[in-house]
$ cat query16.pdb   # PDB, C-alpha atoms and all ligand atoms
ATOM      1  CA  MET A   1     -17.230 -12.381 -17.681
ATOM      2  CA  ALA A   2     -15.316  -9.651 -15.813
ATOM      3  CA  THR A   3     -12.104  -8.172 -17.181
ATOM      4  CA  LEU A   4      -9.224  -8.893 -14.810
ATOM      5  CA  LEU A   5      -7.316  -5.768 -13.693
ATOM      6  CA  LYS A   6      -3.821  -7.257 -13.574
ATOM      7  CA  ALA A   7      -0.936  -5.312 -12.071
ATOM      8  CA  ALA A   8       1.870  -6.745 -14.230
ATOM      9  CA  PRO A   9       1.425  -4.595 -17.381
ATOM     10  CA  ILE A  10       1.002  -1.430 -15.273
ATOM     11  CA  SER A  11       3.981  -2.272 -13.104
ATOM     12  CA  GLN A  12       6.213  -3.030 -16.102
ATOM     13  CA  ARG A  13       5.415   0.342 -17.658
ATOM     14  CA  ILE A  14       5.841   2.393 -14.470
ATOM     15  CA  VAL A  15       9.046   0.551 -13.485
ATOM     16  CA  LYS A  16      10.566   1.844 -16.738
ATOM     17  CA  ASP A  17       9.766   5.423 -15.647
ATOM     18  CA  LEU A  18      11.142   4.775 -12.162
ATOM     19  CA  THR A  19      14.328   3.273 -13.612
ATOM     20  CA  TYR A  20      14.762   6.401 -15.730
ATOM     21  CA  GLU A  21      14.220   8.617 -12.683
ATOM     22  CA  CYS A  22      16.780   6.577 -10.724
ATOM     23  CA  THR A  23      19.320   7.038 -13.523
ATOM     24  CA  GLN A  24      18.733  10.788 -13.483
ATOM     25  CA  LEU A  25      19.166  10.977  -9.715
ATOM     26  CA  LYS A  26      22.345   8.895  -9.950
ATOM     27  CA  GLU A  27      23.715  11.321 -12.542
ATOM     28  CA  LYS A  28      23.208  14.037  -9.932
ATOM     29  CA  GLY A  29      25.216  11.928  -7.475
ATOM     30  CA  LEU A  30      22.319  10.471  -5.498
ATOM     31  CA  THR A  31      21.418   6.780  -5.619
ATOM     32  CA  PRO A  32      18.036   6.367  -3.901
ATOM     33  CA  HIS A  33      18.504   4.139  -0.861
ATOM     34  CA  LEU A  34      15.777   2.340   1.061
ATOM     35  CA  GLN A  35      16.479   1.159   4.606
ATOM     36  CA  VAL A  36      14.211  -1.573   5.952
ATOM     37  CA  ILE A  37      14.080  -2.766   9.554
ATOM     38  CA  LEU A  38      12.881  -6.329  10.101
ATOM     39  CA  VAL A  39      12.505  -7.661  13.635
ATOM     40  CA  GLY A  40      12.357 -11.440  14.039
ATOM     41  CA  GLU A  41      11.582 -14.123  11.476
ATOM     42  CA  HIS A  42       7.815 -13.714  10.850
ATOM     43  CA  PRO A  43       7.677 -15.758   7.594
ATOM     44  CA  PRO A  44       5.355 -13.477   5.525
ATOM     45  CA  SER A  45       7.430 -10.429   6.602
ATOM     46  CA  VAL A  46      10.650 -12.156   5.504
ATOM     47  CA  ILE A  47       9.086 -12.786   2.068
ATOM     48  CA  TYR A  48       7.569  -9.273   1.751
ATOM     49  CA  THR A  49      10.831  -7.520   2.657
ATOM     50  CA  ARG A  50      12.806  -9.743   0.276
ATOM     51  CA  ASN A  51      10.363  -8.864  -2.543
ATOM     52  CA  LYS A  52      10.582  -5.147  -1.721
ATOM     53  CA  LYS A  53      14.398  -5.253  -1.821
ATOM     54  CA  LYS A  54      14.358  -7.104  -5.153
ATOM     55  CA  PHE A  55      11.964  -4.528  -6.611
ATOM     56  CA  MET A  56      14.118  -1.561  -5.489
ATOM     57  CA  GLU A  57      17.288  -3.098  -6.907
ATOM     58  CA  ASN A  58      15.507  -3.912 -10.152
ATOM     59  CA  MET A  59      14.669  -0.230 -10.657
ATOM     60  CA  GLY A  60      18.256   0.830  -9.889
ATOM     61  CA  ALA A  61      17.903   1.886  -6.241
ATOM     62  CA  THR A  62      19.717   0.244  -3.345
ATOM     63  CA  CYS A  63      18.065  -1.410  -0.366
ATOM     64  CA  ASP A  64      19.351  -2.800   2.896
ATOM     65  CA  ILE A  65      17.360  -4.966   5.306
ATOM     66  CA  HIS A  66      18.583  -4.536   8.882
ATOM     67  CA  LYS A  67      17.550  -7.791  10.571
ATOM     68  CA  LEU A  68      17.123  -7.553  14.328
ATOM     69  CA  PRO A  69      16.598 -10.419  16.771
ATOM     70  CA  GLU A  70      13.028 -11.216  17.848
ATOM     71  CA  ASP A  71      13.911 -10.514  21.513
ATOM     72  CA  ILE A  72      15.663  -7.149  20.964
ATOM     73  CA  SER A  73      15.023  -4.723  23.837
ATOM     74  CA  GLU A  74      12.775  -1.712  23.288
ATOM     75  CA  LYS A  75      15.685   0.602  24.102
ATOM     76  CA  ASP A  76      17.998  -0.962  21.506
ATOM     77  CA  PHE A  77      15.253  -1.053  18.876
ATOM     78  CA  LEU A  78      14.428   2.640  19.374
ATOM     79  CA  GLU A  79      18.105   3.589  19.240
ATOM     80  CA  ILE A  80      18.653   1.708  15.969
ATOM     81  CA  LEU A  81      15.494   3.198  14.427
ATOM     82  CA  LYS A  82      16.588   6.703  15.437
ATOM     83  CA  GLY A  83      20.043   6.101  13.966
ATOM     84  CA  HIS A  84      18.591   5.062  10.620
ATOM     85  CA  GLY A  85      16.226   8.043  10.650
ATOM     86  CA  SER A  86      19.048  10.543  11.059
ATOM     87  CA  ASN A  87      21.442   8.823   8.604
ATOM     88  CA  PRO A  88      21.549  11.054   5.486
ATOM     89  CA  LYS A  89      22.326   7.987   3.337
ATOM     90  CA  ASN A  90      18.794   6.643   3.940
ATOM     91  CA  ASN A  91      16.296   8.327   1.608
ATOM     92  CA  GLY A  92      13.451   6.003   2.582
ATOM     93  CA  LEU A  93      12.923   4.098   5.821
ATOM     94  CA  PHE A  94      10.294   1.768   7.204
ATOM     95  CA  VAL A  95       9.837  -0.903   9.858
ATOM     96  CA  GLN A  96       8.154  -4.029   8.549
ATOM     97  CA  LEU A  97       5.006  -4.821  10.542
ATOM     98  CA  PRO A  98       3.867  -6.658  12.570
ATOM     99  CA  LEU A  99       6.405  -6.175  15.357
ATOM    100  CA  PRO A 100       6.846  -8.809  18.108
ATOM    101  CA  SER A 101       4.296  -8.336  20.900
ATOM    102  CA  HIS A 102       6.730  -6.629  23.341
ATOM    103  CA  LEU A 103       7.295  -3.847  20.737
ATOM    104  CA  SER A 104       3.846  -3.711  19.139
ATOM    105  CA  HIS A 105       2.717  -0.718  21.280
ATOM    106  CA  ILE A 106       5.317   1.501  19.554
ATOM    107  CA  ASP A 107       3.836   3.753  16.879
ATOM    108  CA  VAL A 108       6.811   3.316  14.547
ATOM    109  CA  GLY A 109       5.328   5.499  11.804
ATOM    110  CA  GLN A 110       5.783   8.554  14.045
ATOM    111  CA  LEU A 111       9.462   7.756  14.626
ATOM    112  CA  VAL A 112      10.434   7.824  10.954
ATOM    113  CA  PRO A 113      11.191  11.369   9.669
ATOM    114  CA  PRO A 114       8.160  12.403   7.524
ATOM    115  CA  GLU A 115      10.320  13.087   4.441
ATOM    116  CA  LYS A 116      11.669   9.485   4.599
ATOM    117  CA  ASP A 117       8.318   7.908   5.508
ATOM    118  CA  VAL A 118       7.817   5.751   2.390
ATOM    119  CA  ASP A 119       4.983   3.883   4.181
ATOM    120  CA  GLY A 120       3.012   7.147   4.478
ATOM    121  CA  PHE A 121       2.234   6.398   8.133
ATOM    122  CA  HIS A 122       3.594   9.593   9.757
ATOM    123  CA  ALA A 123       1.024  12.055  11.172
ATOM    124  CA  HIS A 124       2.442  14.781   8.893
ATOM    125  CA  ASN A 125       1.681  12.719   5.773
ATOM    126  CA  LEU A 126      -1.681  11.501   7.082
ATOM    127  CA  TYR A 127      -2.723  15.065   7.932
ATOM    128  CA  SER A 128      -1.912  16.125   4.407
ATOM    129  CA  LEU A 129      -4.260  13.386   3.186
ATOM    130  CA  LEU A 130      -6.902  14.620   5.608
ATOM    131  CA  SER A 131      -6.452  18.133   4.180
ATOM    132  CA  GLY A 132      -7.280  17.039   0.637
ATOM    133  CA  ASP A 133      -3.889  16.071  -0.836
ATOM    134  CA  LYS A 134      -3.773  13.473  -3.628
ATOM    135  CA  GLY A 135      -0.058  12.793  -3.130
ATOM    136  CA  ASP A 136       1.462  15.946  -4.640
ATOM    137  CA  ASN A 137       2.492  17.311  -1.250
ATOM    138  CA  SER A 138       3.015  14.196   0.805
ATOM    139  CA  LEU A 139       3.980  10.532   0.756
ATOM    140  CA  LEU A 140       0.829   8.403   0.456
ATOM    141  CA  PRO A 141       0.269   5.020   2.122
ATOM    142  CA  CYS A 142       1.303   2.415  -0.463
ATOM    143  CA  THR A 143      -1.784   0.227  -0.843
ATOM    144  CA  PRO A 144      -4.296   3.105  -1.223
ATOM    145  CA  LYS A 145      -1.917   4.791  -3.677
ATOM    146  CA  GLY A 146      -1.613   1.527  -5.661
ATOM    147  CA  VAL A 147      -5.400   1.147  -5.870
ATOM    148  CA  ILE A 148      -5.737   4.656  -7.306
ATOM    149  CA  THR A 149      -2.912   4.058  -9.812
ATOM    150  CA  MET A 150      -4.583   0.849 -10.943
ATOM    151  CA  LEU A 151      -7.944   2.569 -11.506
ATOM    152  CA  GLN A 152      -6.320   5.514 -13.316
ATOM    153  CA  GLU A 153      -4.370   3.173 -15.602
ATOM    154  CA  HIS A 154      -7.692   1.598 -16.638
ATOM    155  CA  ASN A 155      -9.269   5.018 -17.193
ATOM    156  CA  VAL A 156     -11.711   4.560 -14.311
ATOM    157  CA  THR A 157     -12.580   8.027 -13.020
ATOM    158  CA  LEU A 158     -13.579   8.400  -9.381
ATOM    159  CA  GLU A 159     -15.367  11.743  -9.813
ATOM    160  CA  GLY A 160     -18.933  11.341  -8.483
ATOM    161  CA  LYS A 161     -18.641   7.544  -8.102
ATOM    162  CA  LYS A 162     -20.146   5.689  -5.162
ATOM    163  CA  VAL A 163     -17.532   3.558  -3.401
ATOM    164  CA  ALA A 164     -18.040   0.982  -0.630
ATOM    165  CA  ILE A 165     -14.845   0.132   1.265
ATOM    166  CA  ILE A 166     -15.072  -2.844   3.614
ATOM    167  CA  GLY A 167     -12.454  -2.703   6.406
ATOM    168  CA  ARG A 168     -11.379   0.281   8.528
ATOM    169  CA  SER A 169      -7.662  -0.415   9.028
ATOM    170  CA  LEU A 170      -5.134   2.375   9.433
ATOM    171  CA  ILE A 171      -3.048   0.973   6.554
ATOM    172  CA  VAL A 172      -5.811   0.548   3.962
ATOM    173  CA  GLY A 173      -9.474   1.327   4.739
ATOM    174  CA  LYS A 174      -9.166   4.699   6.463
ATOM    175  CA  PRO A 175      -6.495   6.289   4.211
ATOM    176  CA  LEU A 176      -8.186   4.916   1.071
ATOM    177  CA  THR A 177     -11.451   6.522   2.210
ATOM    178  CA  LEU A 178      -9.685   9.902   2.411
ATOM    179  CA  LEU A 179      -7.768   9.474  -0.833
ATOM    180  CA  MET A 180     -10.853   8.482  -2.831
ATOM    181  CA  THR A 181     -12.755  11.382  -1.250
ATOM    182  CA  ASN A 182      -9.944  13.690  -2.423
ATOM    183  CA  HIS A 183     -10.596  12.305  -5.925
ATOM    184  CA  ASN A 184     -14.262  13.365  -5.528
ATOM    185  CA  ALA A 185     -15.771   9.928  -4.941
ATOM    186  CA  THR A 186     -18.565   9.461  -2.402
ATOM    187  CA  VAL A 187     -17.207   6.853  -0.025
ATOM    188  CA  THR A 188     -18.946   4.654   2.539
ATOM    189  CA  LEU A 189     -16.453   3.052   4.938
ATOM    190  CA  CYS A 190     -17.959  -0.236   6.126
ATOM    191  CA  HIS A 191     -16.790  -2.520   8.939
ATOM    192  CA  SER A 192     -17.847  -5.405  11.172
ATOM    193  CA  ARG A 193     -20.672  -3.365  12.786
ATOM    194  CA  THR A 194     -22.101  -1.980   9.540
ATOM    195  CA  GLU A 195     -25.778  -2.753   9.124
ATOM    196  CA  ASN A 196     -27.133  -3.673   5.678
ATOM    197  CA  LEU A 197     -23.624  -4.287   4.295
ATOM    198  CA  LYS A 198     -24.990  -6.103   1.263
ATOM    199  CA  GLU A 199     -27.312  -3.206   0.471
ATOM    200  CA  VAL A 200     -24.439  -0.674   0.715
ATOM    201  CA  CYS A 201     -22.348  -2.838  -1.638
ATOM    202  CA  GLN A 202     -25.225  -3.295  -4.077
ATOM    203  CA  ASN A 203     -25.571   0.499  -4.323
ATOM    204  CA  ALA A 204     -21.878   1.089  -5.021
ATOM    205  CA  ASP A 205     -20.121   1.572  -8.354
ATOM    206  CA  ILE A 206     -16.842   0.355  -6.859
ATOM    207  CA  ILE A 207     -16.385  -2.103  -3.971
ATOM    208  CA  VAL A 208     -13.072  -2.473  -2.147
ATOM    209  CA  ALA A 209     -12.667  -5.556   0.081
ATOM    210  CA  ALA A 210      -9.953  -5.092   2.729
ATOM    211  CA  ILE A 211     -11.018  -7.201   5.690
ATOM    212  CA  GLY A 212      -8.651 -10.166   5.695
ATOM    213  CA  LYS A 213     -11.310 -12.887   5.412
ATOM    214  CA  ALA A 214     -10.771 -15.506   2.720
ATOM    215  CA  ARG A 215     -13.354 -15.247  -0.117
ATOM    216  CA  PHE A 216     -15.735 -13.205   2.087
ATOM    217  CA  LEU A 217     -17.444 -11.273  -0.695
ATOM    218  CA  ASP A 218     -19.541 -13.362  -3.082
ATOM    219  CA  ASN A 219     -22.125 -12.464  -5.725
ATOM    220  CA  SER A 220     -24.882 -11.950  -3.142
ATOM    221  CA  PHE A 221     -23.214  -8.553  -2.375
ATOM    222  CA  LEU A 222     -23.472  -7.401  -5.998
ATOM    223  CA  ASN A 223     -25.965  -5.650  -8.223
ATOM    224  CA  LYS A 224     -25.646  -7.621 -11.432
ATOM    225  CA  ASP A 225     -27.052  -4.762 -13.559
ATOM    226  CA  LYS A 226     -24.534  -2.150 -12.411
ATOM    227  CA  ASN A 227     -21.261  -3.238 -14.082
ATOM    228  CA  GLN A 228     -19.498  -2.884 -10.747
ATOM    229  CA  ILE A 229     -15.729  -2.689 -10.231
ATOM    230  CA  LEU A 230     -14.323  -4.953  -7.511
ATOM    231  CA  ILE A 231     -10.968  -4.300  -5.838
ATOM    232  CA  ASP A 232      -9.539  -7.126  -3.721
ATOM    233  CA  VAL A 233      -6.945  -6.047  -1.142
ATOM    234  CA  GLY A 234      -6.989  -9.365   0.758
ATOM    235  CA  ILE A 235      -4.035 -11.735   1.000
ATOM    236  CA  ASN A 236      -5.269 -14.886   2.740
ATOM    237  CA  HIS A 237      -4.730 -18.620   2.713
ATOM    238  CA  ASP A 238      -7.780 -20.870   2.479
ATOM    239  CA  GLU A 239      -8.270 -24.164   4.402
ATOM    240  CA  SER A 240      -6.059 -25.997   1.898
ATOM    241  CA  GLY A 241      -3.306 -23.367   2.161
ATOM    242  CA  LYS A 242      -4.042 -21.802  -1.240
ATOM    243  CA  LEU A 243      -3.445 -18.061  -1.581
ATOM    244  CA  CYS A 244      -6.710 -16.163  -2.071
ATOM    245  CA  GLY A 245      -8.240 -12.729  -1.610
ATOM    246  CA  ASP A 246     -11.245 -11.368   0.296
ATOM    247  CA  ILE A 247     -13.386 -11.807  -2.838
ATOM    248  CA  ASP A 248     -14.681 -15.142  -4.106
ATOM    249  CA  GLN A 249     -13.509 -14.709  -7.685
ATOM    250  CA  ALA A 250     -15.377 -17.745  -9.071
ATOM    251  CA  SER A 251     -18.648 -16.490  -7.554
ATOM    252  CA  VAL A 252     -18.417 -12.861  -8.764
ATOM    253  CA  GLU A 253     -16.639 -13.007 -12.116
ATOM    254  CA  ASP A 254     -19.817 -13.336 -14.193
ATOM    255  CA  HIS A 255     -21.563 -10.543 -12.283
ATOM    256  CA  CYS A 256     -19.217  -7.539 -12.426
ATOM    257  CA  ALA A 257     -17.308  -5.513 -15.036
ATOM    258  CA  LEU A 258     -13.775  -5.339 -13.622
ATOM    259  CA  LEU A 259     -12.071  -7.391 -10.944
ATOM    260  CA  THR A 260      -8.541  -7.409  -9.463
ATOM    261  CA  PRO A 261      -7.054 -10.923  -9.125
ATOM    262  CA  VAL A 262      -5.177 -12.349  -6.119
ATOM    263  CA  PRO A 263      -2.282 -12.858  -6.590
ATOM    264  CA  GLY A 264      -1.201 -10.431  -9.310
ATOM    265  CA  GLY A 265      -3.478  -7.527  -8.383
ATOM    266  CA  VAL A 266      -3.300  -4.956  -5.583
ATOM    267  CA  GLY A 267      -0.341  -6.665  -3.804
ATOM    268  CA  LYS A 268       1.968  -5.967  -6.717
ATOM    269  CA  MET A 269       0.680  -2.374  -6.911
ATOM    270  CA  THR A 270       1.643  -1.848  -3.252
ATOM    271  CA  ILE A 271       5.318  -2.583  -3.980
ATOM    272  CA  LEU A 272       5.171  -0.347  -7.033
ATOM    273  CA  SER A 273       3.885   2.513  -4.823
ATOM    274  CA  LEU A 274       6.784   1.919  -2.434
ATOM    275  CA  GLY A 275       9.178   2.393  -5.354
ATOM    276  CA  GLU A 276       7.371   5.588  -6.382
ATOM    277  CA  ASN A 277       7.492   6.845  -2.788
ATOM    278  CA  LEU A 278      11.245   6.184  -2.575
ATOM    279  CA  ILE A 279      11.857   8.322  -5.678
ATOM    280  CA  GLN A 280       9.523  11.053  -4.354
ATOM    281  CA  ALA A 281      11.249  10.978  -0.935
ATOM    282  CA  THR A 282      14.704  11.192  -2.522
ATOM    283  CA  LYS A 283      13.632  14.223  -4.581
ATOM    284  CA  ILE A 284      12.142  15.947  -1.503
ATOM    285  CA  GLN A 285      15.423  15.468   0.364
ATOM    286  CA  MET A 286      17.468  16.695  -2.588
ATOM    287  CA  GLU A 287      15.344  19.850  -2.812
ATOM    288  CA  ASN A 288      15.569  20.412   0.958
ATOM    289  CA  SER A 289      19.358  20.093   0.895
ATOM    290  CA  HIS A 290      19.565  22.826  -1.786
ATOM    291  CA  VAL A 291      17.465  25.331   0.180
TER     292      VAL A 291
HETATM  293  N1  LIG B   1       3.147  -5.222   6.859
HETATM  294  C1  LIG B   1       2.120  -5.482   6.022
HETATM  295  N2  LIG B   1       1.893  -4.418   5.196
HETATM  296  C2  LIG B   1       2.809  -3.479   5.530
HETATM  297  C3  LIG B   1       3.071  -2.175   5.038
HETATM  298  O1  LIG B   1       2.425  -1.661   4.122
HETATM  299  N3  LIG B   1       4.103  -1.525   5.652
HETATM  300  C4  LIG B   1       4.818  -2.060   6.672
HETATM  301  N4  LIG B   1       5.787  -1.333   7.207
HETATM  302  N5  LIG B   1       4.590  -3.271   7.144
HETATM  303  C5  LIG B   1       3.583  -3.983   6.581
END

$ encode --input "query16.pdb" --output "structure tokens"
Amino acid sequence: MATLLKAAPISQRIVKDLTYECTQLKEKGLTPHLQVILVGEHPPSVIYTRNKKKFMENMGATCDIHKLPEDISEKDFLEILKGHGSNPKNNGLFVQLPLPSHLSHIDVGQLVPPEKDVDGFHAHNLYSLLSGDKGDNSLLPCTPKGVITMLQEHNVTLEGKKVAIIGRSLIVGKPLTLLMTNHNATVTLCHSRTENLKEVCQNADIIVAAIGKARFLDNSFLNKDKNQILIDVGINHDESGKLCGDIDQASVEDHCALLTPVPGGVGKMTILSLGENLIQATKIQMENSHV
């Protein structure tokens, strides 16, 4: 039976550190503040942003969600985003995605100042990742960062490991490929056109499923003799509306060594990374203001 890699114990420990860091920053006169922009009433986005705000307040930071109407004009949206970007009170800033279709062509990550880009979507931060950074010199995208934290907390080293990542999104698959490469793993980034996907997965030490298909990966993708580690980034609802990941937990749990659950796995780590990024962003801005 696989050991479940749960986020809760890791999150509880790291939140204590973040709370301490917040207290220290407050003593220096700076309360870390996260500004969120939410356009419309997309139900999962309303829940995600509410959870993010709760997390920030729990660690001692402040957070404001600027709710904008679904039909806001592009001009007004861009003006508001620019205003939040230049407001010195905002240490971290992001626009919750997805945006309504009339705004979805806007590359919002490029419009957030890189030192406030707690999503890690700005070209400056992504280029740093491309150049070999592990997060010391830039803000990392939250889900990839959370996956690495989770593995490190369980003493899983990436050095020399073979990793198969399924899903080439800009938020998870591509940045995680770079980040794991920077940790000296050998990464194969798989997608819908990959041939011999099962074979690639069977050869891997670690498999990351980030495709958004409910219970896609079952035990036929595994090598039962390899003690593989399975990371589930999916957040889906099955036919009966039940929350589930991209991995069929019941099918794989007797055939791998470690497995992240859904819920209670990578999703929780993503929020934790956002908290870490807010502290990092606040410190960067404090240092810049002293130069
Ligand atoms: N929507 C789903 N995931 C994310 C994320 O990581 N950042 C933002 N801004 N929106 C999202």

$ residues_near_ligand --input "query16.pdb" --ligand "ligand LIG 1 (chain B)" --cutoff "8 Å" --atoms "only C-alpha atoms and all ligand atoms" --output "VMD selection string"
chain A and resid 45 48 94 to 98 119 141 to 143 171 270

$ resolve_selection --input "query16.pdb" --expression "the PyMOL selection byres (((chain A and resi 189-199) around 6) and not hetatm)" --output "list of chain:residue names"
A:Ile165, A:Ile166, A:Gly167, A:Thr188, A:Val200, A:Cys201, A:Gln202, A:Phe221

$ atom_distance --input "query16.pdb" --atom1 "CA of Arg168 (chain A)" --atom2 "CA of Pro100 (chain A)"
22.5 Å

$ resolve_selection --input "query16.pdb" --expression "the PyMOL selection byres (((chain A and resi 233) around 9) and not hetatm)" --output "PDB file with C-alpha atoms, in the coordinates of the input"
ATOM      1  CA  THR A 143      -1.784   0.227  -0.843  1.00  0.00           C
ATOM      2  CA  VAL A 147      -5.400   1.147  -5.870  1.00  0.00           C
ATOM      3  CA  VAL A 172      -5.811   0.548   3.962  1.00  0.00           C
ATOM      4  CA  VAL A 208     -13.072  -2.473  -2.147  1.00  0.00           C
ATOM      5  CA  ALA A 209     -12.667  -5.556   0.081  1.00  0.00           C
ATOM      6  CA  ALA A 210      -9.953  -5.092   2.729  1.00  0.00           C
ATOM      7  CA  ILE A 211     -11.018  -7.201   5.690  1.00  0.00           C
ATOM      8  CA  GLY A 212      -8.651 -10.166   5.695  1.00  0.00           C
ATOM      9  CA  ILE A 231     -10.968  -4.300  -5.838  1.00  0.00           C
ATOM     10  CA  ASP A 232      -9.539  -7.126  -3.721  1.00  0.00           C
ATOM     11  CA  GLY A 234      -6.989  -9.365   0.758  1.00  0.00           C
ATOM     12  CA  ILE A 235      -4.035 -11.735   1.000  1.00  0.00           C
ATOM     13  CA  GLY A 245      -8.240 -12.729  -1.610  1.00  0.00           C
ATOM     14  CA  ASP A 246     -11.245 -11.368   0.296  1.00  0.00           C
ATOM     15  CA  ILE A 247     -13.386 -11.807  -2.838  1.00  0.00           C
ATOM     16  CA  THR A 260      -8.541  -7.409  -9.463  1.00  0.00           C
ATOM     17  CA  VAL A 262      -5.177 -12.349  -6.119  1.00  0.00           C
ATOM     18  CA  GLY A 265      -3.478  -7.527  -8.383  1.00  0.00           C
ATOM     19  CA  VAL A 266      -3.300  -4.956  -5.583  1.00  0.00           C
ATOM     20  CA  GLY A 267      -0.341  -6.665  -3.804  1.00  0.00           C
TER      21      GLY A 267
END

$ residues_around --input "query16.pdb" --residues "Lys226 (chain A)" --least-positions-apart "5" --cutoff "9 Å" --atoms "only C-alpha atoms" --output "VMD selection string"
chain A and resid 202 to 205 255 to 257

$ residues_around --input "query16.pdb" --residues "Pro114 (chain A)" --least-positions-apart "3" --cutoff "12 Å" --atoms "only C-alpha atoms" --output "number ranges by chain"
A: 85-86, 91-94, 108-111, 117-128, 137-140, 277, 281, 284-285

$ atom_distance --input "query16.pdb" --atom1 "CA of Pro88 (chain A)" --atom2 "CA of His66 (chain A)"
16.2 Å

$ resolve_selection --input "query16.pdb" --expression "the PyMOL selection byres (((chain A and resi 150) around 9) and not hetatm)" --output "VMD selection string"
chain A and resid 5 to 7 10 145 to 149 151 to 156 265 to 266 269

$ residues_near_point --input "query16.pdb" --point "(16.8, 9.7, -6.5)" --cutoff "12 Å" --atoms "only C-alpha atoms" --output "PyMOL selection string"
chain A and resi 18-34+56+59-62+89-92+275-287

$ residues_near_point --input "query16.pdb" --point "(7.3, -10.9, 7.7)" --cutoff "12 Å" --atoms "all atoms listed in the file" --output "ChimeraX atom specification"
/A:36-52,65,67,70,95-100

$ residues_around --input "query16.pdb" --residues "Thr177 (chain A)" --least-positions-apart "3" --cutoff "7 Å" --atoms "all atoms listed in the file" --output "list in words"
Gly173, Lys174, Met180, Thr181, Val187 and Leu189 of chain A

$ atom_distance --input "query16.pdb" --atom1 "CA of Asp248 (chain A)" --atom2 "CA of Pro261 (chain A)"
10.1 Å

$ closest_residue --input "query16.pdb" --among "A:Ala164, A:Glu253, A:Gln35, A:Glu57" --to "Val112 (chain A)" --atoms "all atoms listed in the file"
A:Gln35

$ axis_aligned_box --input "query16.pdb" --around "region 33-49 of chain A" --padding-each-side "8 Å" --output "JSON"
{"center_x": 11.9, "center_y": -5.8, "center_z": 6.6, "size_x": 29.1, "size_y": 35.9, "size_z": 30.9}

$ decode --input "query16.pdb" --residues "region 125-136 of chain A" --atoms "N, CA, C and O atoms" --output "JSON list (two decimals), in the first residue's frame"
[["chain", "number", "residue", "atom", "x", "y", "z"],
["A", 125, "ASN", "N", 10.39, 36.43, -14.42],
["A", 125, "ASN", "CA", 10.49, 35.29, -13.51],
["A", 125, "ASN", "C", 10.64, 33.97, -14.28],
["A", 125, "ASN", "O", 11.41, 33.09, -13.88],
["A", 126, "LEU", "N", 9.91, 33.85, -15.38],
["A", 126, "LEU", "CA", 10.01, 32.61, -16.17],
["A", 126, "LEU", "C", 11.39, 32.48, -16.82],
["A", 126, "LEU", "O", 11.94, 31.38, -16.94],
["A", 127, "TYR", "N", 11.97, 33.61, -17.21],
["A", 127, "TYR", "CA", 13.32, 33.54, -17.81],
["A", 127, "TYR", "C", 14.36, 33.10, -16.78],
["A", 127, "TYR", "O", 15.29, 32.36, -17.08],
["A", 128, "SER", "N", 14.15, 33.54, -15.57],
["A", 128, "SER", "CA", 15.05, 33.14, -14.49],
["A", 128, "SER", "C", 15.01, 31.62, -14.31],
["A", 128, "SER", "O", 16.04, 30.95, -14.13],
["A", 129, "LEU", "N", 13.81, 31.08, -14.40],
["A", 129, "LEU", "CA", 13.61, 29.63, -14.31],
["A", 129, "LEU", "C", 14.32, 28.93, -15.47],
["A", 129, "LEU", "O", 15.02, 27.93, -15.30],
["A", 130, "LEU", "N", 14.17, 29.53, -16.64],
["A", 130, "LEU", "CA", 14.82, 28.98, -17.84],
["A", 130, "LEU", "C", 16.35, 29.01, -17.69],
["A", 130, "LEU", "O", 17.06, 28.15, -18.21],
["A", 131, "SER", "N", 16.85, 30.00, -16.94],
["A", 131, "SER", "CA", 18.30, 30.15, -16.77],
["A", 131, "SER", "C", 18.88, 29.25, -15.68],
["A", 131, "SER", "O", 20.08, 29.29, -15.45],
["A", 132, "GLY", "N", 18.03, 28.50, -14.99],
["A", 132, "GLY", "CA", 18.57, 27.55, -14.01],
["A", 132, "GLY", "C", 18.22, 27.86, -12.56],
["A", 132, "GLY", "O", 18.65, 27.15, -11.65],
["A", 133, "ASP", "N", 17.43, 28.92, -12.33],
["A", 133, "ASP", "CA", 17.10, 29.31, -10.95],
["A", 133, "ASP", "C", 16.18, 28.27, -10.29],
["A", 133, "ASP", "O", 15.33, 27.65, -10.94],
["A", 134, "LYS", "N", 16.39, 28.08, -8.97],
["A", 134, "LYS", "CA", 15.50, 27.19, -8.21],
["A", 134, "LYS", "C", 14.57, 28.00, -7.31],
["A", 134, "LYS", "O", 13.96, 27.45, -6.40],
["A", 135, "GLY", "N", 14.53, 29.32, -7.52],
["A", 135, "GLY", "CA", 13.63, 30.16, -6.72],
["A", 135, "GLY", "C", 14.38, 31.12, -5.82],
["A", 135, "GLY", "O", 13.75, 31.89, -5.10],
["A", 136, "ASP", "N", 15.72, 31.09, -5.84],
["A", 136, "ASP", "CA", 16.48, 32.02, -5.00],
["A", 136, "ASP", "C", 16.44, 33.43, -5.58],
["A", 136, "ASP", "O", 16.52, 34.41, -4.85]]
